[in-house]
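A.B. asks: Let me give you the structure first, and then I'll get to my questions.
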Amino acid sequence: MMKVLYTFLFSSILLNTLHSQTGYDLWLGYDQLENGAAITSYQSSIQSYFIAEASDTRNIITTELDNALPKLLNQDIQQVYDQKNADVVILPASKLSPDLKKAIETASLKQEGFVIQKVNKQIVITSPSSSGLLYGTFQFIRLLQTSSSIDDLKITSNPAIDVRILNHWDNLDRSSERGYAGFSIWDWHRLPGYLPARYRDYARANASIGINGTVLTNVNSNALILTKPYIEKTKALADLFRPYGIKVYLTARFSAPIEIGGLKTADPLNEEVQKWWNDKAAEVYKIIPDFGGFLVKANSEGQPGPQNYGRSHVDGANMLAKAVKPHGGIVMWRAFVYSEDEPDDRAKQAYTEFKPLDGQFEDNVLVQVKNGPIDFQPREPIHPLFGAMPKTPLMMEFQITQEYLGQATQLVYLAPMYKEVLDTDTYTEGKGSTVSKVVDGSLHDYKMTGIAGVANIGNDLNWTGHPMAQSNWFAFGRLSWDPQLSSENIAQEWVKSSYGNDAQVVSTITKMLMSSWEASINYMTPLGLHHLMGTGHHYGPAPWVDNLSRADWTPYYYHKSDANGIGFDRTKTGSNAVAQYSGELNRKYGNLKSCPEKYILWFHHVPWDYEMKSGRTLWNELGFKYQSGINSVKNMQKDWHSLKSKIDPDLFAEVEQLLNIQLDEAKWWKNASMLYFQTYSKKDWPAMLEPAPKDLDHYKKLTFPYAPGIKPRW
Ligand code: BDP
């Protein structure tokens, strides 16, 4: 008896703690739920399912349930063919019986929305579309993964945003711009013949969090992708992704008519050029009938665009929009522009260029705007375009890959950042005009809405480089579906789905995630500092760089330290970028006293001795922030160690090593930045700050010629 008990205990400990977690399964590993009330109730109420769905998605739902339920519940599950005898019933809304129609309200469902509802003893999942049934199934599985009650289920869920899309900055040679998880997962050379299981697993993971589109190629694009062989390769992926509700999109290089079309110009008002694009679109749609459309980076950082021909963004975008419109396609035209010779504050330029174009775009154009006015910095105030273009659907562009946020060495959970942006009030239509209402279309009644995330996915075994960076992919999807979710709830969902429901594991990892973004800001760019990263690769600090071909690529341009103080004056006495915000925000940010301190050096040049809210001088406050960032990483290390007996040993070791690197990097940021700023402030090293072990010269001399994520041209 003892022996049996011992074996049982030992094997269940093994099962719960020592099974290998490579990370490949993401949040869909479906480890057996801990014994407890939840599993007992699931076991008795979920033994069979019935599915009435005719599309290819049916097989996917079946496979997912057959995979998830036996593993999670540790019991068999049966697919039954008699609806009455099933515990779980999956039915298109059009096939609800009269009784179910009476019980379930489906009128408010969008195409992709779903209901999960307990009717009598059955759990019914229904939707007007097959992708909605898939989303409902994944949400149902997630309820089990997170040990949620299923007793009185009545969930109606609609996506807040129409186009929920990943942007892969992946090149045809499999390098990935700003990718830190290995090479691109798109093996263009072996497509279309070779379709590894990873493609399916990619689609499955995206469908599980509601992502319904993917741009396969880099915004710095290569016209070759629009040639016949590559369209055929793209088709293979489109066919595979279709039953998962995912459409494919490509980036369109504006000069493609010249490069692959043999024309002399790419002028959007030239008829031959227009015809070329119309024909190209027709060719693509003949091969991929549900092709999503094009994403375009034009006249930005050296990319060709309509301005090369004296034309506007409207001319360029509308030409492409007209080409894809007859086929149901869209154009996502990026507003990430800043001129090569314009001396104006870079933070102002996108607004200056795009605001006057409001209302002139074709109705199948979305203008894609980065969350902040500079470039995916650890923290930025919102982009002033949000709320400022009521007649043009603006879509959000977030970065999931951690270009400026610790790349693949640092644990930084980005949902709190996405939320800070989405929840910010633009005040453009009075109080309550939040960015999320702009993006979900409700503020200006946009006919079409979208949100994009620059993917952090590569061919590393765990997909995202840092194991915890999976949470950012997950969070992006969950927030795209419902921007009202809280970042903490999303973190808990992710931890439970990935690492199980043990209360200590859940609360500890959630705490680590929730503290990580603020920590990274504190040790990299506190108090509104920005763009101080090393040139080109953006790895580590280099605030001293002040001599590049363009001033606005140098860190110095952004912090402007001098004997008097530090920060970019964007008020009336400076660039007046604050004037691009609505009156309320303009007043708040433009006044040193009312400007939130988290943005203070973004908007103001502040004297070193300025008294901050804490009572400390600005100089000492900087020291305080850097040190608190470091302390937070130390706390994350402690927290992680407390989980040692509960986490798979390989995973434990990986994260432990990465946290050690993160601490070193946090200290490196503190040392390099504070030593450099000290050359201007001439102040004593702040008392609370750990001393710097090396002098400034040491940090200035560090080089990283092989830092990942850059192409040689950078
Ligand atoms: C910057 C990246 C660069 C991208 C650019 C963009 O450093 O690699 O091409 O954004 O968004 O953040 O176009």
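The chains in the structure tokens are called A, B, ... from first to last as shown; in each chain the residues are counted from 1, and the ligands are counted from 1 in the order shown.
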Show me which residues sit within 8 Å of ligand 1 when counting only C-alpha atoms and all ligand atoms, and put them as JSON, numbers by chain.
C.D. replies: {"A": [169, 177, 178, 218, 219, 220, 297, 300, 301, 336, 375, 376, 403, 536, 537, 538, 710]}
A.B. asks: Taking C-alpha atoms for each residue, export the selection above as an mmCIF file, in the first residue's frame.
C.D. replies:
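After the write, part03.cif holds the following:
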```cif
data_model
loop_
_atom_site.group_PDB
_atom_site.id
_atom_site.type_symbol
_atom_site.label_atom_id
_atom_site.label_comp_id
_atom_site.auth_asym_id
_atom_site.auth_seq_id
_atom_site.Cartn_x
_atom_site.Cartn_y
_atom_site.Cartn_z
ATOM 1 C CA TRP A 169 8.795 42.225 -40.357
ATOM 2 C CA GLU A 177 13.936 42.869 -38.928
ATOM 3 C CA ARG A 178 13.787 43.484 -35.173
ATOM 4 C CA ASN A 218 8.463 43.214 -43.847
ATOM 5 C CA VAL A 219 7.205 46.766 -44.208
ATOM 6 C CA ASN A 220 10.602 47.492 -45.723
ATOM 7 C CA LYS A 297 5.310 51.837 -45.765
ATOM 8 C CA SER A 300 9.439 56.694 -44.714
ATOM 9 C CA GLU A 301 13.039 55.897 -43.832
ATOM 10 C CA PHE A 336 5.000 56.260 -39.646
ATOM 11 C CA ASP A 375 8.786 54.976 -32.445
ATOM 12 C CA PHE A 376 7.756 52.214 -30.046
ATOM 13 C CA GLU A 403 12.976 46.198 -30.195
ATOM 14 C CA GLY A 536 21.166 50.710 -35.468
ATOM 15 C CA HIS A 537 20.692 47.676 -33.268
ATOM 16 C CA HIS A 538 18.983 49.587 -30.435
ATOM 17 C CA ILE A 710 19.150 44.043 -38.041
#
```
A.B. asks: Could you give me the residues within region 285-518 of chain A that DSSP places in alpha helix (DSSP H), as a ChimeraX atom specification?
C.D. replies: /A:285-287,313-324,346-354,415-423,435-439,470-481,487-499,503-518
A.B. asks: Rounded to one decimal, what separation in Å do you get between CA of Ser487 (chain A) and CA of Ile155 (chain A)?
C.D. replies: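 Calculated distance between CA of Ser487 (chain A) and CA of Ile155 (chain A) is 20.1 Å.
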A.B. asks: Which of these residues is nearest to Ala452 (chain A), using only C-alpha atoms: A:Lys682, A:Arg587, A:Arg334, A:Lys694?
C.D. replies: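 The shortest atom-to-atom distance to Ala452 (chain A) comes from A:Arg334.
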A.B. asks: Of the residues A:Trp186, A:Leu651, A:Lys325, A:Thr392, which is the one nearest to Thr217 (chain A), using only C-alpha atoms?
C.D. replies: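 Result for the nearest residue to Thr217 (chain A): A:Trp186.
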A.B. asks: Could you give me, as a list in words, each residue of region 296-498 of chain A that DSSP assigns to strand (DSSP E) when run on this structure's backbone?
C.D. replies: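 Matching residues for strand (DSSP E) in region 296-498 of chain A are Val296, Ile330, Val331, Met332, Trp333, Arg334, Val365, Leu366, Val367, Gln368, Val369, Lys370, Leu394, Met395, Met396, Glu397, Phe398, Gln399, Gly450, Ile451, Ala452, Gly453 and Val454 of chain A.
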